[in-house]
Amino acid sequence: MSDTVRMTLAEVRDYARATLTRVGLSPAHVAAVAETMVAGERDGCGSHGLYRLLVAAHSVASGVVVPDAVPVLSRPKAGLVQVDGGGGFAQLAFETGRPALVETARANGIAALALNDIVHFAALWPEVEALVADGLVALAFTPSHAWVAPAGGTKPLFGTNPIAFGWPRPGGTPFVFDFATSMVARGEIELHRRAGKRVPTDWGHAPDGSETDQAEAVLAGAMRTFGGHKGSALATMVELIAGPLIGDLTSAESIAADRGRKGSPIGGELILAIDPAGFLGAAAAGHLTRAEAVFAGIEGQGARLPGSRRHAARMVSERDGVVISRALLTDIDAVTKDLP
């Protein structure tokens, strides 16, 4: 028997939805959460794909997330939209706030969406890509659990604190990047642990602060920021603007609120959306076309455009499906087999 299973994206979606339903999520959450997992597998990001079913199942079983939370939308100011997620997963809170964010950005030229009291385990790029599809430029930020040490330190303080950016491109795939301010996504270290693989020594510290190539030691100790003090500065920015600025938790407060349950991060997310026409009016299309010279200048010298790997993987998976580890599917089924 092969160690892998080939699945179409429709089969990935059906499997994710069926599993999330068994886990106990309400239908609205099932639909929203499953799509981020499909997107992860589709774009070759395995650490954000079906593997996250294990993460979601644990967060529900341990009481970290409210499985039937109903997000509540409000508009505190003309350019601001707020969604109280009620302790549910972030995906449904985003889908609740997205139409109002788009409407507000088009009306004012720029708008912000604060998602509060959510549980977040997914990448940010599906959210900014959805806004780019509406013709907007988008940025997104969220803290996580305190897993990452500041540059020069060895004790966890920051989350992986991702930043995502999206830019619409006329007639082509959008420019979208999403990166953690840590050296690597925590899910990637988890996958190395599952596979029994060593990790690069610059990924993190052992609990005693020493250098290590053991995934388990990094997970128990502290991850490192990318780029030394530069990544540390960006991580600090994310802590501030997606924590206290929107009245939500820092990464240290999130892991304290978890109370040892080892669930997904608890807190908030800040999303900014800019309508190019708000600045440029009828000239927006022309200036977006001018921006293509930047992308041509990158690719013209053989450099890779950030996000291009995902789009290349998407073309293949939409045609051929994706390959999933049989061991992962076995683990997912084992975790959820006794659920209703």
# chains A, B, ... in the order shown; residues from 1 in each chain; ligands from 1
call {"tool": "residues_around", "arguments": {"residues": "A:Glu269", "least_positions_apart": "2", "cutoff": "8 Å", "atoms": "only C-alpha atoms", "output": "ChimeraX atom specification"}}
result
/A:114-116,140-143,242-243,267,271
call {"tool": "write_last_selection", "arguments": {"atoms": "all heavy atoms", "output": "PDB file, in the first residue's frame"}}
result
ATOM      1  N   ALA A 114     -11.653  44.956  12.367  1.00  0.00           N
ATOM      2  CA  ALA A 114     -11.100  44.315  13.561  1.00  0.00           C
ATOM      3  C   ALA A 114     -11.936  43.080  13.872  1.00  0.00           C
ATOM      4  O   ALA A 114     -13.155  43.177  14.035  1.00  0.00           O
ATOM      5  CB  ALA A 114     -11.120  45.276  14.747  1.00  0.00           C
ATOM      6  N   LEU A 115     -11.275  41.933  13.920  1.00  0.00           N
ATOM      7  CA  LEU A 115     -11.924  40.707  14.355  1.00  0.00           C
ATOM      8  C   LEU A 115     -11.517  40.473  15.810  1.00  0.00           C
ATOM      9  O   LEU A 115     -10.322  40.374  16.109  1.00  0.00           O
ATOM     10  CB  LEU A 115     -11.486  39.520  13.494  1.00  0.00           C
ATOM     11  CG  LEU A 115     -11.675  39.647  11.979  1.00  0.00           C
ATOM     12  CD1 LEU A 115     -11.179  38.386  11.281  1.00  0.00           C
ATOM     13  CD2 LEU A 115     -13.133  39.930  11.633  1.00  0.00           C
ATOM     14  N   ASN A 116     -12.491  40.398  16.689  1.00  0.00           N
ATOM     15  CA  ASN A 116     -12.210  40.241  18.119  1.00  0.00           C
ATOM     16  C   ASN A 116     -12.749  38.915  18.646  1.00  0.00           C
ATOM     17  O   ASN A 116     -13.730  38.379  18.119  1.00  0.00           O
ATOM     18  CB  ASN A 116     -12.833  41.382  18.926  1.00  0.00           C
ATOM     19  CG  ASN A 116     -12.147  42.702  18.683  1.00  0.00           C
ATOM     20  OD1 ASN A 116     -12.678  43.587  18.025  1.00  0.00           O
ATOM     21  ND2 ASN A 116     -10.946  42.852  19.218  1.00  0.00           N
ATOM     22  N   ALA A 140      -3.121  42.218   6.348  1.00  0.00           N
ATOM     23  CA  ALA A 140      -3.710  41.535   7.498  1.00  0.00           C
ATOM     24  C   ALA A 140      -2.615  41.187   8.498  1.00  0.00           C
ATOM     25  O   ALA A 140      -1.475  40.885   8.117  1.00  0.00           O
ATOM     26  CB  ALA A 140      -4.447  40.277   7.057  1.00  0.00           C
ATOM     27  N   PHE A 141      -2.977  41.218   9.780  1.00  0.00           N
ATOM     28  CA  PHE A 141      -2.031  40.972  10.868  1.00  0.00           C
ATOM     29  C   PHE A 141      -2.752  40.232  11.997  1.00  0.00           C
ATOM     30  O   PHE A 141      -3.900  40.551  12.309  1.00  0.00           O
ATOM     31  CB  PHE A 141      -1.503  42.291  11.462  1.00  0.00           C
ATOM     32  CG  PHE A 141      -1.093  43.324  10.453  1.00  0.00           C
ATOM     33  CD1 PHE A 141      -2.032  44.208   9.921  1.00  0.00           C
ATOM     34  CD2 PHE A 141       0.225  43.432  10.039  1.00  0.00           C
ATOM     35  CE1 PHE A 141      -1.672  45.176   9.002  1.00  0.00           C
ATOM     36  CE2 PHE A 141       0.598  44.402   9.115  1.00  0.00           C
ATOM     37  CZ  PHE A 141      -0.341  45.276   8.593  1.00  0.00           C
ATOM     38  N   THR A 142      -2.077  39.284  12.609  1.00  0.00           N
ATOM     39  CA  THR A 142      -2.628  38.655  13.812  1.00  0.00           C
ATOM     40  C   THR A 142      -1.506  38.125  14.690  1.00  0.00           C
ATOM     41  O   THR A 142      -0.521  37.583  14.179  1.00  0.00           O
ATOM     42  CB  THR A 142      -3.604  37.510  13.467  1.00  0.00           C
ATOM     43  OG1 THR A 142      -4.261  37.057  14.648  1.00  0.00           O
ATOM     44  CG2 THR A 142      -2.911  36.337  12.806  1.00  0.00           C
ATOM     45  N   PRO A 143      -1.595  38.288  16.006  1.00  0.00           N
ATOM     46  CA  PRO A 143      -0.649  37.617  16.902  1.00  0.00           C
ATOM     47  C   PRO A 143      -1.007  36.133  16.992  1.00  0.00           C
ATOM     48  O   PRO A 143      -1.909  35.650  16.313  1.00  0.00           O
ATOM     49  CB  PRO A 143      -0.854  38.330  18.242  1.00  0.00           C
ATOM     50  CG  PRO A 143      -1.755  39.488  17.958  1.00  0.00           C
ATOM     51  CD  PRO A 143      -2.530  39.137  16.733  1.00  0.00           C
ATOM     52  N   ALA A 242      -2.486  44.492  16.356  1.00  0.00           N
ATOM     53  CA  ALA A 242      -3.535  43.474  16.337  1.00  0.00           C
ATOM     54  C   ALA A 242      -3.843  42.955  17.732  1.00  0.00           C
ATOM     55  O   ALA A 242      -4.547  41.955  17.886  1.00  0.00           O
ATOM     56  CB  ALA A 242      -3.129  42.318  15.414  1.00  0.00           C
ATOM     57  N   GLY A 243      -3.306  43.655  18.742  1.00  0.00           N
ATOM     58  CA  GLY A 243      -3.599  43.326  20.132  1.00  0.00           C
ATOM     59  C   GLY A 243      -4.237  44.509  20.826  1.00  0.00           C
ATOM     60  O   GLY A 243      -5.439  44.767  20.671  1.00  0.00           O
ATOM     61  N   GLY A 267      -7.524  35.473  20.333  1.00  0.00           N
ATOM     62  CA  GLY A 267      -7.235  36.909  20.265  1.00  0.00           C
ATOM     63  C   GLY A 267      -7.956  37.599  19.138  1.00  0.00           C
ATOM     64  O   GLY A 267      -9.149  37.390  18.935  1.00  0.00           O
ATOM     65  N   ILE A 271      -7.388  43.856   9.781  1.00  0.00           N
ATOM     66  CA  ILE A 271      -7.313  43.818   8.326  1.00  0.00           C
ATOM     67  C   ILE A 271      -7.553  45.223   7.790  1.00  0.00           C
ATOM     68  O   ILE A 271      -8.533  45.874   8.176  1.00  0.00           O
ATOM     69  CB  ILE A 271      -8.361  42.853   7.733  1.00  0.00           C
ATOM     70  CG1 ILE A 271      -8.174  41.450   8.318  1.00  0.00           C
ATOM     71  CG2 ILE A 271      -8.254  42.810   6.215  1.00  0.00           C
ATOM     72  CD1 ILE A 271      -9.308  40.494   7.999  1.00  0.00           C
TER      73      ILE A 271
END
call {"tool": "residues_around", "arguments": {"residues": "A:Val128", "least_positions_apart": "4", "cutoff": "12 Å", "atoms": "only C-alpha atoms", "output": "VMD selection string"}}
result
chain A and resid 94 to 95 98 101 to 102 113 123 to 124 132 to 141 163 to 168 174 to 178 270 to 274
call {"tool": "select_by_dssp", "arguments": {"residues": "stretch 41-270 of chain A", "states": "helix (DSSP H, G or I)", "output": "PyMOL selection string"}}
result
chain A and resi 41-42+46-48+52-61+90-108+125-133+186-195+215-220+229-241+244-246+251-258
call {"tool": "closest_residue", "arguments": {"among": "A:Leu25, A:Val199, A:Ile255, A:Leu80", "to": "A:Ala61", "atoms": "only C-alpha atoms"}}
result
A:Leu25
call {"tool": "closest_residue", "arguments": {"among": "A:Gly260, A:Pro126, A:Gly159, A:Gly204", "to": "A:His48", "atoms": "only C-alpha atoms"}}
result
A:Pro126
call {"tool": "atom_distance", "arguments": {"atom1": "atom CA of A:Ala57", "atom2": "atom CA of A:Ala18"}}
result
12.1 Å
call {"tool": "atom_distance", "arguments": {"atom1": "atom CA of A:His229", "atom2": "atom CA of A:Ser182"}}
result
11.2 Å
call {"tool": "residues_around", "arguments": {"residues": "stretch 275-281 of chain A", "least_positions_apart": "5", "cutoff": "6 Å", "atoms": "only C-alpha atoms", "output": "list in words"}}
result
Ala105, Arg106, Gly109 and Leu136 of chain A
call {"tool": "write_last_selection", "arguments": {"atoms": "N, CA, C and O atoms", "output": "mmCIF file, in the first residue's frame"}}
result
data_model
loop_
_atom_site.group_PDB
_atom_site.id
_atom_site.type_symbol
_atom_site.label_atom_id
_atom_site.label_comp_id
_atom_site.auth_asym_id
_atom_site.auth_seq_id
_atom_site.Cartn_x
_atom_site.Cartn_y
_atom_site.Cartn_z
ATOM 1 N N ALA A 105 -14.580 50.329 2.387
ATOM 2 C CA ALA A 105 -13.378 50.745 1.661
ATOM 3 C C ALA A 105 -13.735 51.475 0.372
ATOM 4 O O ALA A 105 -13.105 52.482 0.016
ATOM 5 N N ARG A 106 -14.737 51.010 -0.314
ATOM 6 C CA ARG A 106 -15.146 51.671 -1.558
ATOM 7 C C ARG A 106 -15.781 53.034 -1.281
ATOM 8 O O ARG A 106 -15.628 53.962 -2.072
ATOM 9 N N GLY A 109 -12.456 54.983 0.566
ATOM 10 C CA GLY A 109 -11.112 54.846 0.016
ATOM 11 C C GLY A 109 -10.240 53.915 0.833
ATOM 12 O O GLY A 109 -9.363 53.244 0.299
ATOM 13 N N LEU A 136 -9.381 45.300 -4.199
ATOM 14 C CA LEU A 136 -8.784 46.094 -3.130
ATOM 15 C C LEU A 136 -7.341 45.673 -2.860
ATOM 16 O O LEU A 136 -6.951 44.530 -3.112
#
call {"tool": "atom_distance", "arguments": {"atom1": "atom CA of A:His311", "atom2": "atom CA of A:Ala284"}}
result
25.0 Å
call {"tool": "residues_around", "arguments": {"residues": "A:Thr336", "least_positions_apart": "5", "cutoff": "10 Å", "atoms": "only C-alpha atoms", "output": "short mmCIF file (atom, residue, chain, number, x, y, z; two decimals) with N, CA, C and O atoms, in the first residue's frame"}}
result
data_model
loop_
_atom_site.label_atom_id
_atom_site.label_comp_id
_atom_site.auth_asym_id
_atom_site.auth_seq_id
_atom_site.Cartn_x
_atom_site.Cartn_y
_atom_site.Cartn_z
N THR A 19 -15.21 15.77 8.51
CA THR A 19 -14.46 15.69 9.76
C THR A 19 -14.84 16.82 10.70
O THR A 19 -15.05 16.60 11.91
N LEU A 20 -14.95 18.03 10.19
CA LEU A 20 -15.30 19.18 11.03
C LEU A 20 -16.72 19.03 11.59
O LEU A 20 -17.00 19.47 12.71
N THR A 21 -17.59 18.41 10.81
CA THR A 21 -18.95 18.16 11.31
C THR A 21 -18.91 17.17 12.47
O THR A 21 -19.57 17.37 13.50
N ARG A 22 -18.11 16.10 12.33
CA ARG A 22 -17.97 15.14 13.43
C ARG A 22 -17.35 15.78 14.66
O ARG A 22 -17.70 15.45 15.80
N VAL A 23 -16.43 16.71 14.43
CA VAL A 23 -15.78 17.41 15.54
C VAL A 23 -16.80 18.21 16.34
O VAL A 23 -16.63 18.43 17.54
N LEU A 53 -6.85 19.87 10.56
CA LEU A 53 -8.00 19.20 11.16
C LEU A 53 -7.66 18.68 12.55
O LEU A 53 -8.51 18.70 13.45
N LEU A 54 -6.43 18.21 12.74
CA LEU A 54 -6.00 17.77 14.06
C LEU A 54 -6.02 18.94 15.04
O LEU A 54 -6.44 18.80 16.20
N ALA A 57 -9.71 19.96 15.74
CA ALA A 57 -10.37 18.97 16.60
C ALA A 57 -9.93 19.12 18.05
O ALA A 57 -10.76 19.06 18.97
N HIS A 58 -8.65 19.35 18.25
CA HIS A 58 -8.16 19.51 19.62
C HIS A 58 -8.71 20.78 20.26
O HIS A 58 -9.09 20.78 21.44
N ASP A 331 -4.29 9.36 11.26
CA ASP A 331 -4.29 10.08 12.54
C ASP A 331 -5.56 10.91 12.70
O ASP A 331 -6.15 10.96 13.79
#
call {"tool": "decode", "arguments": {"residues": "stretch 94-119 of chain A", "atoms": "N, CA, C and O atoms", "output": "CSV table (one decimal), in the first residue's frame"}}
result
chain,number,residue,atom,x,y,z
A,94,PHE,N,-14.4,36.5,9.7
A,94,PHE,CA,-14.0,37.2,8.5
A,94,PHE,C,-15.1,37.3,7.5
A,94,PHE,O,-15.4,38.3,6.9
A,95,GLU,N,-15.7,36.1,7.2
A,95,GLU,CA,-16.7,36.1,6.2
A,95,GLU,C,-17.9,37.0,6.6
A,95,GLU,O,-18.6,37.6,5.7
A,96,THR,N,-18.2,37.1,7.9
A,96,THR,CA,-19.2,38.0,8.3
A,96,THR,C,-18.9,39.5,8.1
A,96,THR,O,-19.7,40.3,7.7
A,97,GLY,N,-17.6,39.8,8.3
A,97,GLY,CA,-17.2,41.2,8.2
A,97,GLY,C,-16.8,41.6,6.8
A,97,GLY,O,-16.7,42.8,6.5
A,98,ARG,N,-16.5,40.7,5.9
A,98,ARG,CA,-15.9,41.0,4.6
A,98,ARG,C,-16.8,41.9,3.8
A,98,ARG,O,-16.3,42.9,3.2
A,99,PRO,N,-18.1,41.6,3.6
A,99,PRO,CA,-18.9,42.5,2.7
A,99,PRO,C,-18.9,44.0,3.3
A,99,PRO,O,-18.8,44.9,2.5
A,100,ALA,N,-19.0,44.1,4.6
A,100,ALA,CA,-19.0,45.5,5.1
A,100,ALA,C,-17.7,46.2,5.0
A,100,ALA,O,-17.6,47.4,4.7
A,101,LEU,N,-16.6,45.4,5.1
A,101,LEU,CA,-15.3,46.0,4.8
A,101,LEU,C,-15.1,46.5,3.4
A,101,LEU,O,-14.6,47.6,3.2
A,102,VAL,N,-15.5,45.7,2.5
A,102,VAL,CA,-15.4,46.0,1.1
A,102,VAL,C,-16.3,47.3,0.8
A,102,VAL,O,-15.8,48.2,0.1
A,103,GLU,N,-17.5,47.3,1.3
A,103,GLU,CA,-18.4,48.4,1.1
A,103,GLU,C,-17.8,49.7,1.7
A,103,GLU,O,-17.8,50.8,1.1
A,104,THR,N,-17.2,49.6,2.9
A,104,THR,CA,-16.7,50.7,3.6
A,104,THR,C,-15.4,51.3,2.9
A,104,THR,O,-15.2,52.5,2.8
A,105,ALA,N,-14.6,50.3,2.4
A,105,ALA,CA,-13.4,50.7,1.7
A,105,ALA,C,-13.7,51.5,0.4
A,105,ALA,O,-13.1,52.5,0.0
A,106,ARG,N,-14.7,51.0,-0.3
A,106,ARG,CA,-15.1,51.7,-1.6
A,106,ARG,C,-15.8,53.0,-1.3
A,106,ARG,O,-15.6,54.0,-2.1
A,107,ALA,N,-16.5,53.1,-0.2
A,107,ALA,CA,-17.1,54.4,0.2
A,107,ALA,C,-16.1,55.5,0.7
A,107,ALA,O,-16.2,56.6,0.4
A,108,ASN,N,-15.1,55.0,1.4
A,108,ASN,CA,-14.1,56.0,2.0
A,108,ASN,C,-12.7,55.9,1.4
A,108,ASN,O,-11.9,56.8,1.8
A,109,GLY,N,-12.5,55.0,0.6
A,109,GLY,CA,-11.1,54.8,0.0
A,109,GLY,C,-10.2,53.9,0.8
A,109,GLY,O,-9.4,53.2,0.3
A,110,ILE,N,-10.5,53.8,2.1
A,110,ILE,CA,-9.7,53.0,3.0
A,110,ILE,C,-10.6,52.6,4.2
A,110,ILE,O,-11.5,53.3,4.6
A,111,ALA,N,-10.4,51.4,4.7
A,111,ALA,CA,-11.2,50.9,5.8
A,111,ALA,C,-10.4,49.9,6.6
A,111,ALA,O,-9.5,49.3,6.1
A,112,ALA,N,-10.8,49.7,7.8
A,112,ALA,CA,-10.2,48.7,8.7
A,112,ALA,C,-11.3,47.7,9.3
A,112,ALA,O,-12.4,48.2,9.6
A,113,LEU,N,-10.9,46.5,9.4
A,113,LEU,CA,-11.8,45.5,10.0
A,113,LEU,C,-11.1,44.9,11.2
A,113,LEU,O,-9.9,44.3,11.0
A,114,ALA,N,-11.7,45.0,12.4
A,114,ALA,CA,-11.1,44.3,13.6
A,114,ALA,C,-11.9,43.1,13.9
A,114,ALA,O,-13.2,43.2,14.0
A,115,LEU,N,-11.3,41.9,13.9
A,115,LEU,CA,-11.9,40.7,14.4
A,115,LEU,C,-11.5,40.5,15.8
A,115,LEU,O,-10.3,40.4,16.1
A,116,ASN,N,-12.5,40.4,16.7
A,116,ASN,CA,-12.2,40.2,18.1
A,116,ASN,C,-12.7,38.9,18.6
A,116,ASN,O,-13.7,38.4,18.1
A,117,ASP,N,-12.1,38.4,19.7
A,117,ASP,CA,-12.5,37.2,20.4
A,117,ASP,C,-12.7,36.1,19.4
A,117,ASP,O,-13.7,35.5,19.3
A,118,ILE,N,-11.6,35.8,18.7
A,118,ILE,CA,-11.6,34.7,17.7
A,118,ILE,C,-10.5,33.7,18.1
A,118,ILE,O,-9.6,34.0,18.8
A,119,VAL,N,-10.6,32.5,17.5
A,119,VAL,CA,-9.5,31.5,17.6
A,119,VAL,C,-9.0,31.3,16.2
A,119,VAL,O,-9.7,31.1,15.2
